Structure formats: structure tokens, C-alpha cells
$ cat coords_2.cif   # mmCIF, C-alpha atoms
data_target
loop_
_atom_site.group_PDB
_atom_site.id
_atom_site.type_symbol
_atom_site.label_atom_id
_atom_site.label_comp_id
_atom_site.auth_asym_id
_atom_site.auth_seq_id
_atom_site.Cartn_x
_atom_site.Cartn_y
_atom_site.Cartn_z
ATOM 1 C CA MET G 188 91.063 101.653 58.863
ATOM 2 C CA ILE G 189 94.738 100.828 59.421
ATOM 3 C CA GLY G 190 95.508 104.500 58.730
ATOM 4 C CA GLU G 191 93.005 105.634 61.374
ATOM 5 C CA LEU G 192 94.374 103.128 63.884
ATOM 6 C CA ASN G 193 97.857 104.418 63.139
ATOM 7 C CA HIS G 194 96.817 108.026 63.964
ATOM 8 C CA ARG G 195 95.221 106.944 67.185
ATOM 9 C CA VAL G 196 98.239 104.955 68.284
ATOM 10 C CA LYS G 197 100.635 107.773 67.400
ATOM 11 C CA ASN G 198 98.451 110.250 69.224
ATOM 12 C CA LEU G 199 98.242 108.013 72.274
ATOM 13 C CA LEU G 200 102.034 107.724 72.266
ATOM 14 C CA GLY G 201 102.124 111.531 72.201
ATOM 15 C CA VAL G 202 99.873 111.565 75.287
ATOM 16 C CA VAL G 203 102.175 109.044 76.995
ATOM 17 C CA ALA G 204 105.212 111.213 76.151
ATOM 18 C CA GLY G 205 103.398 114.277 77.545
ATOM 19 C CA ASN G 206 102.651 112.417 80.762
ATOM 20 C CA ALA G 207 106.275 111.277 81.043
ATOM 21 C CA TYR G 208 107.426 114.877 80.591
ATOM 22 C CA GLN G 209 105.113 116.297 83.254
ATOM 23 C CA THR G 210 105.954 113.463 85.668
ATOM 24 C CA GLY G 211 109.676 114.072 85.084
ATOM 25 C CA LYS G 212 109.320 117.745 86.037
ATOM 26 C CA THR G 213 108.337 116.963 89.605
ATOM 27 C CA ALA G 214 109.760 113.497 90.410
ATOM 28 C CA ASP G 215 112.838 113.901 92.608
ATOM 29 C CA SER G 216 114.286 110.453 91.960
ATOM 30 C CA VAL G 217 114.156 107.734 89.323
ATOM 31 C CA PRO G 218 112.179 105.313 91.564
ATOM 32 C CA ALA G 219 109.687 108.122 92.323
ATOM 33 C CA PHE G 220 109.334 108.758 88.603
ATOM 34 C CA VAL G 221 108.757 105.059 87.853
ATOM 35 C CA GLU G 222 106.102 104.819 90.574
ATOM 36 C CA ALA G 223 104.197 107.958 89.554
ATOM 37 C CA PHE G 224 104.485 107.372 85.820
ATOM 38 C CA GLY G 225 103.396 103.721 86.159
ATOM 39 C CA GLY G 226 100.300 104.865 88.052
ATOM 40 C CA ARG G 227 99.442 107.399 85.372
ATOM 41 C CA LEU G 228 99.866 104.827 82.608
ATOM 42 C CA ALA G 229 97.551 102.462 84.507
ATOM 43 C CA SER G 230 94.904 105.222 84.782
ATOM 44 C CA LEU G 231 95.234 105.954 81.082
ATOM 45 C CA GLY G 232 94.762 102.235 80.432
ATOM 46 C CA ARG G 233 91.582 102.098 82.553
ATOM 47 C CA ALA G 234 90.093 105.139 80.833
ATOM 48 C CA HIS G 235 90.899 103.602 77.466
ATOM 49 C CA GLU G 236 89.268 100.338 78.493
ATOM 50 C CA LEU G 237 86.057 102.127 79.496
ATOM 51 C CA LEU G 238 85.923 104.055 76.252
ATOM 52 C CA THR G 239 86.615 100.903 74.245
ATOM 53 C CA ALA G 240 83.821 99.103 76.095
ATOM 54 C CA ALA G 241 81.544 101.950 75.074
ATOM 55 C CA THR G 242 83.002 101.640 71.519
ATOM 56 C CA TRP G 243 83.900 105.352 71.726
ATOM 57 C CA GLU G 244 80.209 106.278 71.480
ATOM 58 C CA PRO G 245 78.644 108.845 73.808
ATOM 59 C CA ALA G 246 77.849 106.922 76.993
ATOM 60 C CA PRO G 247 75.370 107.798 79.740
ATOM 61 C CA LEU G 248 77.187 109.809 82.393
ATOM 62 C CA ARG G 249 75.691 107.701 85.181
ATOM 63 C CA SER G 250 77.113 104.391 83.955
ATOM 64 C CA LEU G 251 80.534 105.937 83.428
ATOM 65 C CA ILE G 252 80.519 107.339 86.968
ATOM 66 C CA ASP G 253 79.310 104.055 88.458
ATOM 67 C CA ALA G 254 82.067 102.119 86.709
ATOM 68 C CA LEU G 255 84.796 104.540 87.732
ATOM 69 C CA THR G 256 83.913 105.369 91.304
ATOM 70 C CA ALA G 257 82.286 102.205 92.672
ATOM 71 C CA PRO G 258 85.180 101.284 95.021
ATOM 72 C CA TYR G 259 85.576 104.769 96.510
ATOM 73 C CA ARG G 260 83.835 107.060 99.000
ATOM 74 C CA ILE G 261 82.893 109.729 96.572
ATOM 75 C CA ALA G 262 79.654 111.649 96.169
ATOM 76 C CA ILE G 263 78.975 112.945 92.716
ATOM 77 C CA ALA G 264 76.212 115.237 91.564
ATOM 78 C CA TRP G 265 75.548 117.073 88.347
ATOM 79 C CA TRP G 266 72.976 119.565 87.191
ATOM 80 C CA ILE G 267 72.288 122.060 84.430
ATOM 81 C CA GLU G 268 72.432 125.682 85.537
ATOM 82 C CA SER G 269 71.747 128.526 83.113
ATOM 83 C CA GLY G 270 72.847 126.490 80.125
ATOM 84 C CA GLU G 271 75.941 125.140 81.864
ATOM 85 C CA LEU G 272 76.638 121.640 83.028
ATOM 86 C CA ALA G 273 77.924 121.702 86.599
ATOM 87 C CA PHE G 274 79.564 118.578 87.912
ATOM 88 C CA GLU G 275 80.458 118.258 91.587
ATOM 89 C CA TRP G 276 82.851 115.712 93.031
ATOM 90 C CA GLN G 277 82.999 115.345 96.814
ATOM 91 C CA GLU G 278 85.572 113.227 98.562
ATOM 92 C CA THR G 279 85.289 112.752 102.286
ATOM 93 C CA GLY G 280 87.529 111.096 104.836
ATOM 94 C CA VAL G 281 90.675 112.160 103.043
ATOM 95 C CA PRO G 282 93.333 114.112 104.903
ATOM 96 C CA MET G 283 93.261 117.519 103.268
ATOM 97 C CA VAL G 284 95.084 120.501 104.679
ATOM 98 C CA ALA G 285 93.038 123.402 103.289
ATOM 99 C CA ALA G 286 93.213 124.048 99.557
ATOM 100 C CA PRO G 287 96.124 122.300 97.859
ATOM 101 C CA SER G 288 98.946 124.836 98.165
ATOM 102 C CA LYS G 289 101.447 123.009 96.023
ATOM 103 C CA ARG G 290 99.381 122.348 92.958
ATOM 104 C CA GLY G 291 100.425 118.958 91.734
ATOM 105 C CA PHE G 292 100.045 117.125 88.470
ATOM 106 C CA GLY G 293 96.457 115.984 89.112
ATOM 107 C CA THR G 294 95.115 119.402 90.043
ATOM 108 C CA ARG G 295 96.772 121.111 87.105
ATOM 109 C CA MET G 296 95.790 118.335 84.703
ATOM 110 C CA ILE G 297 92.126 118.648 85.767
ATOM 111 C CA GLU G 298 92.244 122.433 85.434
ATOM 112 C CA ARG G 299 93.895 122.311 82.048
ATOM 113 C CA SER G 300 91.563 119.605 80.731
ATOM 114 C CA ALA G 301 88.511 121.535 81.921
ATOM 115 C CA VAL G 302 89.665 124.571 79.971
ATOM 116 C CA HIS G 303 91.207 122.807 76.979
ATOM 117 C CA ASP G 304 88.890 119.841 76.401
ATOM 118 C CA LEU G 305 85.603 121.216 77.739
ATOM 119 C CA GLY G 306 86.000 124.961 77.299
ATOM 120 C CA GLY G 307 84.993 125.233 80.957
ATOM 121 C CA THR G 308 86.440 125.722 84.432
ATOM 122 C CA ALA G 309 87.473 123.694 87.465
ATOM 123 C CA ALA G 310 87.307 124.937 91.052
ATOM 124 C CA PHE G 311 88.898 123.163 94.023
ATOM 125 C CA ASP G 312 87.809 123.550 97.616
ATOM 126 C CA GLY G 313 89.700 121.668 100.289
ATOM 127 C CA ALA G 314 87.496 121.979 103.327
ATOM 128 C CA GLU G 315 88.306 120.176 106.587
ATOM 129 C CA GLY G 316 88.349 116.420 106.092
ATOM 130 C CA GLY G 317 87.397 116.503 102.444
ATOM 131 C CA LEU G 318 87.790 117.874 98.970
ATOM 132 C CA THR G 319 85.188 119.324 96.639
ATOM 133 C CA VAL G 320 85.837 119.838 92.958
ATOM 134 C CA VAL G 321 83.324 121.598 90.725
ATOM 135 C CA LEU G 322 83.649 121.407 86.962
ATOM 136 C CA ARG G 323 81.572 123.668 84.756
ATOM 137 C CA CYS G 324 81.234 123.736 81.021
ATOM 138 C CA ALA G 325 78.869 125.576 78.732
ATOM 139 C CA GLY G 326 76.514 123.683 76.489
ATOM 140 C CA TYR G 327 79.007 120.955 75.798
ATOM 141 C CA PHE G 328 76.578 118.111 76.429
ATOM 142 C CA GLU G 329 73.574 119.639 74.722
ATOM 143 C CA ASP G 330 73.794 117.200 71.826
ATOM 144 C CA ALA G 331 74.135 114.116 73.965
ATOM 145 C CA GLU G 332 71.166 112.244 75.347
ATOM 146 C CA THR G 333 71.515 112.019 79.073
ATOM 147 C CA MET S 76 120.584 131.729 81.868
ATOM 148 C CA ILE S 77 120.531 134.082 78.895
ATOM 149 C CA LEU S 78 123.688 135.065 77.030
ATOM 150 C CA ALA S 79 123.418 137.899 74.554
ATOM 151 C CA GLN S 80 125.600 137.391 71.505
ATOM 152 C CA MET S 81 127.704 139.965 69.676
ATOM 153 C CA ASN S 82 125.323 141.313 67.084
ATOM 154 C CA GLY S 83 122.458 141.685 69.507
ATOM 155 C CA SER S 84 119.896 140.254 67.150
ATOM 156 C CA PHE S 85 120.182 136.750 68.591
ATOM 157 C CA LEU S 86 119.892 135.389 72.038
ATOM 158 C CA SER S 87 121.706 132.221 72.927
ATOM 159 C CA LEU S 88 119.494 130.419 75.351
ATOM 160 C CA LYS S 89 120.614 127.856 77.826
ATOM 161 C CA THR S 90 117.313 126.331 78.777
ATOM 162 C CA HIS S 91 116.378 125.264 82.272
ATOM 163 C CA PRO S 92 116.861 121.590 83.014
ATOM 164 C CA VAL S 93 113.492 119.885 82.813
ATOM 165 C CA GLY S 94 113.943 116.166 83.166
ATOM 166 C CA LEU S 95 116.938 115.833 80.883
ATOM 167 C CA LYS S 96 120.527 116.318 81.961
ATOM 168 C CA ASP S 97 121.926 118.026 78.897
ATOM 169 C CA GLU S 98 119.460 120.398 77.349
ATOM 170 C CA GLY S 99 121.943 121.916 74.909
ATOM 171 C CA THR S 100 122.107 125.467 73.670
ATOM 172 C CA PHE S 101 119.673 126.769 71.116
ATOM 173 C CA VAL S 102 119.606 130.000 69.232
ATOM 174 C CA VAL S 103 116.236 131.626 68.875
ATOM 175 C CA SER S 104 115.937 134.944 67.116
ATOM 176 C CA ALA S 105 115.290 137.601 69.785
ATOM 177 C CA ASN S 106 112.641 139.438 67.788
ATOM 178 C CA LEU S 107 110.758 136.176 67.333
ATOM 179 C CA LEU S 108 110.647 135.560 71.092
ATOM 180 C CA ASP S 109 108.492 138.693 71.353
ATOM 181 C CA ARG S 110 105.943 137.426 68.842
ATOM 182 C CA PRO S 111 102.990 135.344 70.018
ATOM 183 C CA VAL S 112 103.114 131.588 69.500
ATOM 184 C CA LEU S 113 99.955 129.728 68.542
ATOM 185 C CA ILE S 114 99.770 126.068 69.594
ATOM 186 C CA ILE S 115 96.917 124.067 68.021
ATOM 187 C CA GLU S 116 96.613 120.667 69.707
ATOM 188 C CA ASP S 117 93.520 118.840 70.948
ATOM 189 C CA GLU S 118 95.251 116.731 73.629
ATOM 190 C CA ALA S 119 95.647 118.857 76.764
ATOM 191 C CA VAL S 120 98.706 117.007 78.081
ATOM 192 C CA ILE S 121 100.562 117.336 74.755
ATOM 193 C CA ALA S 122 99.726 121.051 74.500
ATOM 194 C CA TRP S 123 100.995 121.424 78.077
ATOM 195 C CA MET S 124 104.378 119.927 77.187
ATOM 196 C CA PHE S 125 104.728 122.154 74.111
ATOM 197 C CA GLU S 126 103.855 125.209 76.198
ATOM 198 C CA ASP S 127 106.445 124.337 78.866
ATOM 199 C CA VAL S 128 109.195 123.785 76.291
ATOM 200 C CA LEU S 129 108.479 127.058 74.474
ATOM 201 C CA GLU S 130 108.289 128.961 77.739
ATOM 202 C CA ALA S 131 111.712 127.593 78.702
ATOM 203 C CA LEU S 132 113.064 128.714 75.314
ATOM 204 C CA GLY S 133 112.001 132.243 76.203
ATOM 205 C CA PHE S 134 108.710 132.769 74.380
ATOM 206 C CA ALA S 135 106.585 135.096 76.489
ATOM 207 C CA ASP S 136 103.221 134.958 74.788
ATOM 208 C CA ILE S 137 101.788 131.504 74.114
ATOM 209 C CA MET S 138 98.212 130.900 72.927
ATOM 210 C CA LEU S 139 96.635 127.433 73.168
ATOM 211 C CA ALA S 140 93.846 126.262 70.866
ATOM 212 C CA ALA S 141 92.144 122.860 71.122
ATOM 213 C CA ASN S 142 90.399 123.056 67.747
ATOM 214 C CA ALA S 143 90.274 124.982 64.465
ATOM 215 C CA ASP S 144 87.622 127.486 65.616
ATOM 216 C CA GLN S 145 89.600 128.461 68.704
ATOM 217 C CA ALA S 146 92.751 128.750 66.571
ATOM 218 C CA ARG S 147 91.046 131.125 64.114
ATOM 219 C CA SER S 148 89.661 133.371 66.818
ATOM 220 C CA LEU S 149 92.953 133.478 68.770
ATOM 221 C CA ALA S 150 94.850 134.312 65.569
ATOM 222 C CA GLN S 151 92.386 137.117 64.913
ATOM 223 C CA SER S 152 92.800 138.591 68.367
ATOM 224 C CA GLN S 153 96.591 138.512 68.008
ATOM 225 C CA ALA S 154 98.554 137.607 64.872
ATOM 226 C CA PRO S 155 100.930 134.729 65.689
ATOM 227 C CA GLY S 156 104.640 134.912 64.810
ATOM 228 C CA ILE S 157 105.006 131.132 64.831
ATOM 229 C CA ILE S 158 102.480 128.286 64.707
ATOM 230 C CA ILE S 159 102.822 124.756 66.060
ATOM 231 C CA SER S 160 99.915 122.564 65.032
ATOM 232 C CA ASP S 161 98.576 119.041 65.179
ATOM 233 C CA ILE S 162 96.726 117.787 62.081
ATOM 234 C CA ASN S 163 93.823 115.695 63.423
ATOM 235 C CA LEU S 164 91.836 117.832 65.855
ATOM 236 C CA GLY S 165 88.889 115.518 66.444
ATOM 237 C CA ALA S 166 85.698 114.824 64.522
ATOM 238 C CA ARG S 167 84.034 118.144 65.448
ATOM 239 C CA SER S 168 86.807 120.335 64.064
ATOM 240 C CA ASP S 169 88.441 121.158 60.734
ATOM 241 C CA ASP S 170 91.946 119.781 60.698
ATOM 242 C CA GLY S 171 95.142 121.675 61.456
ATOM 243 C CA ILE S 172 96.203 122.036 57.822
ATOM 244 C CA ALA S 173 92.923 123.756 56.913
ATOM 245 C CA ALA S 174 93.065 125.992 59.997
ATOM 246 C CA VAL S 175 96.691 127.032 59.528
ATOM 247 C CA SER S 176 96.425 127.766 55.801
ATOM 248 C CA GLU S 177 93.344 129.882 56.490
ATOM 249 C CA ILE S 178 95.088 131.769 59.298
ATOM 250 C CA LEU S 179 98.183 132.447 57.178
ATOM 251 C CA ALA S 180 96.164 133.615 54.159
ATOM 252 C CA GLY S 181 99.324 133.652 52.035
ATOM 253 C CA GLU S 182 101.589 135.209 54.661
ATOM 254 C CA THR S 183 104.815 133.351 55.547
ATOM 255 C CA ILE S 184 105.632 132.655 59.169
ATOM 256 C CA PRO S 185 107.380 129.612 60.669
ATOM 257 C CA VAL S 186 104.986 126.652 60.931
ATOM 258 C CA LEU S 187 105.642 123.293 62.515
ATOM 259 C CA PHE S 188 103.185 120.416 62.239
ATOM 260 C CA ILE S 189 103.533 117.751 64.929
ATOM 261 C CA THR S 190 101.287 114.884 64.051
ATOM 262 C CA GLY S 191 100.412 111.221 64.169
ATOM 263 C CA ASN S 192 99.044 111.628 60.650
ATOM 264 C CA ALA S 193 101.919 112.253 58.277
ATOM 265 C CA SER S 194 100.235 110.469 55.356
ATOM 266 C CA THR S 195 101.271 111.337 51.804
ATOM 267 C CA ASP S 196 97.886 112.972 51.378
ATOM 268 C CA ALA S 197 98.487 115.196 54.412
ATOM 269 C CA LEU S 198 102.007 116.030 53.217
ATOM 270 C CA ASP S 199 100.656 116.972 49.768
ATOM 271 C CA ARG S 200 98.071 119.271 51.315
ATOM 272 C CA ILE S 201 100.753 120.889 53.477
ATOM 273 C CA ALA S 202 103.016 121.425 50.440
ATOM 274 C CA ARG S 203 100.158 123.208 48.662
ATOM 275 C CA GLY S 204 98.453 125.034 51.530
ATOM 276 C CA VAL S 205 101.322 125.790 53.940
ATOM 277 C CA PRO S 206 104.508 125.719 51.852
ATOM 278 C CA GLY S 207 107.704 125.726 53.908
ATOM 279 C CA ALA S 208 106.098 124.148 56.975
ATOM 280 C CA ARG S 209 108.095 121.474 58.781
ATOM 281 C CA VAL S 210 106.495 118.191 59.815
ATOM 282 C CA LEU S 211 107.481 116.125 62.852
ATOM 283 C CA ARG S 212 105.993 112.766 63.803
ATOM 284 C CA LYS S 213 104.427 112.095 67.195
ATOM 285 C CA PRO S 214 105.578 111.247 69.730
ATOM 286 C CA ILE S 215 108.330 113.846 69.978
ATOM 287 C CA THR S 216 110.806 114.579 72.738
ATOM 288 C CA PRO S 217 111.231 118.046 74.275
ATOM 289 C CA GLN S 218 114.735 118.060 72.730
ATOM 290 C CA GLU S 219 113.340 117.475 69.225
ATOM 291 C CA LEU S 220 110.868 120.311 69.731
ATOM 292 C CA ARG S 221 113.615 122.700 70.860
ATOM 293 C CA HIS S 222 115.746 121.762 67.832
ATOM 294 C CA ALA S 223 112.841 122.178 65.433
ATOM 295 C CA VAL S 224 111.838 125.599 66.799
ATOM 296 C CA ALA S 225 115.444 126.802 66.748
ATOM 297 C CA SER S 226 115.963 125.658 63.161
ATOM 298 C CA LEU S 227 112.671 127.180 62.024
ATOM 299 C CA THR S 228 113.641 130.522 63.452
ATOM 300 C CA GLU S 229 117.179 130.355 62.024
ATOM 301 C CA ALA S 230 115.708 129.830 58.587
ATOM 302 C CA LEU S 231 114.184 133.303 58.850
ATOM 303 C CA HIS S 232 117.583 134.954 58.531
#
$ encode --input "coords_2.cif" --output "C-alpha cells"
Amino acid sequence: MIGELNHRVKNLLGVVAGNAYQTGKTADSVPAFVEAFGGRLASLGRAHELLTAATWEPAPLRSLIDALTAPYRIAIAWWIESGELAFEWQETGVPMVAAPSKRGFGTRMIERSAVHDLGGTAAFDGAEGGLTVVLRCAGYFEDAET
Amino acid sequence: MILAQMNGSFLSLKTHPVGLKDEGTFVVSANLLDRPVLIIEDEAVIAWMFEDVLEALGFADIMLAANADQARSLAQSQAPGIIISDINLGARSDDGIAAVSEILAGETIPVLFITGNASTDALDRIARGVPGARVLRKPITPQELRHAVASLTEALH
């Protein structure tokens, strides 16, 4: 039990170090680094809290989405399409100038996680006045009850 | 900046500054830089850091696996010249020690385990299944990774 906790803590510290590294690549000053890195740590903390509340068991997608997005103007839809889970995230009322040209940490992190963690893809579409992100992954949720 | 040294078989690499002021100079065997690297790590953000550091060292061909199955199939498509692996890869996957020893099948290439699980049991299994592998504890700094890769590749000569 203590051994397992030790792995998890060490792994989480590895994730924190990875975040610090990526933040350091693009921050152009120390205060900018502190601000961005602090925000990312806070997000990591919130995600951890949600997963702890669910005792790291598979949780219904709907309750996870409700908990995460309640304060924001975001429309989320998901459906199964030829064996794939498609998950669409639509943000409106945000100032978007076409598709993100300088791909920042968030965009790249989402892309990489979609490929690495889900074996899927992420597509970004920055239309006028909003952003649409579509995640797709094959068969990943077949075992879970939804 | 790349400085070729006298005998031509080594490259002295001054890596690009990425967050740290003094990155130091590391020597990575030139013929190893041409071989594919296999990174086995389930956390995307950790794999991303490893990839960046290796790219800056001059490795051109880097394969990323999130679990043991992906690692096996990538290693089959292209034999790696160096492997960097986590040990715990999540409940759905065999662990890194099992995957790496299977991939090597007795062959000797530089292997570096970077793990939060450096238990005596894990170290025993590494000594038996992947002799010669180095083990680093998470979390590691980019500098530690550069040092470890450089010393692994030096040991080849």
C-alpha cells in the first residue's frame, strides 16, 4: 500500500517536472513562468481531486463533464461512430483568430494526450467567434458502462 | 551547434538552451544518433520532455510507446538502438521490465529505466532480465537525462 502510494507520488512528481519543462520552453520571463506554471499545477490539482472523489474508478462521462464545465459556456456532445467514440467540445464567445497559428502548450498537450493516452486523434477548428475541438478514439470506452 | 571531434566517430554536442542557462557539453556517439530511440512511458507529458531532450541531443528517430503492446510493435517495425523506459505502465499493460527484456531477447543495447518504482524487487528483475540497464528515479531533470544518455552511449566504446 505504502509502496503503491510511493509510485504514484513519484510519478506525479514526474508529471509536475514535465509540466515545468514544457512551461519553461515558452515562458519569456520568470514571472510569466510562475503564472503559467501555477495555473497548470492548479488544473492538475483539480483533475486529481475529481479522480479521487471518484476513487479512481471509471466514472460516468456525464457527471465528469458536469463537474468540470459547469461555470463555462461550453457545449459538449459525444457519440459513437463506426466503433469510435467522438467527443466534441464547442466554445463560443471567445476571441479566436482562425485556427491557432502558434500552437501553444494546451493545444499540443491535448493533441499528444489524444494520441498517447487514448490512441486517438484531436482536431481543432477555430471558426469565427468560437473554437471546436473534436477528439476521436477507437473502442477505448467499450468496456466502460456509459 | 555541432562540433565534430578529431576521430570523427564522436560528435560533441552543445545542446540548445531549453529553460536552463548552462546546458553543458555532452558526447554522444555519432553512429548511435542514427539509430532509433524507443521511449516507453505512459504519461504523455513525461514522454514529451524525454522526446524534446533527445531531439536536442541530436537523435533523429524517436518512437513513443504508452504501453508494452505499443512498445513491442514499434520495436518490431524498427529495431531500437537505445531504449528509455518507465516501469509501471498502468493496470492494462505489462510493465516496462517485461516489455524491454522481451524486446531485447538477449541482445545488448543501452537501456535506461526512469521510474517511480525502484523497489528491490524491480531492481532484481532488471538485473536478471535486462543486465547492464541503468536506473534513474523520477522525477528527473533534463540535465540528468542528458548525462545518463551520454554515459550510456560512452559505455559502448
$ closest_residue --input "coords_2.cif" --among "G:Thr308, G:Ser269, G:Ser216, G:Ser300" --to "chain S" --atoms "only C-alpha atoms"
G:Ser300
$ residues_around --input "coords_2.cif" --residues "Gly280 in chain G" --least-positions-apart "5" --cutoff "12 Å" --atoms "all atoms listed in the file" --output "list in words"
Tyr259, Arg260, Ile261, Ala262, Gly313, Ala314, Glu315, Gly316, Gly317, Leu318 and Thr319 of chain G
$ closest_residue --input "coords_2.cif" --among "S:Ala174, S:Ala105, S:Ala146, S:Ile121" --to "chain G" --atoms "only C-alpha atoms"
S:Ile121
$ closest_residue --input "coords_2.cif" --among "G:Thr213, G:Asn198, G:Asn193, G:Asn206" --to "Leu228 in chain G" --atoms "only C-alpha atoms"
G:Asn206
$ resolve_selection --input "coords_2.cif" --expression "the PyMOL selection byres ((chain S) within 10 of (chain G))" --output "number ranges by chain"
S: 92-95, 116-125, 127, 139-142, 145, 161-163, 189-194, 212-217
$ atom_distance --input "coords_2.cif" --atom1 "CA of Ala223 in chain G" --atom2 "CA of Leu237 in chain G"
21.5 Å
$ axis_aligned_box --input "coords_2.cif" --around "range 157-166 of chain S" --padding-each-side "6 Å" --output "JSON"
{"center_x": 95.4, "center_y": 123.0, "center_z": 64.3, "size_x": 31.3, "size_y": 28.3, "size_z": 16.4}
$ resolve_selection --input "coords_2.cif" --expression "the PyMOL selection byres ((chain S and resi 109) around 12)" --output "ChimeraX atom specification"
/S:86,103-108,110-112,130,132-137,154-157
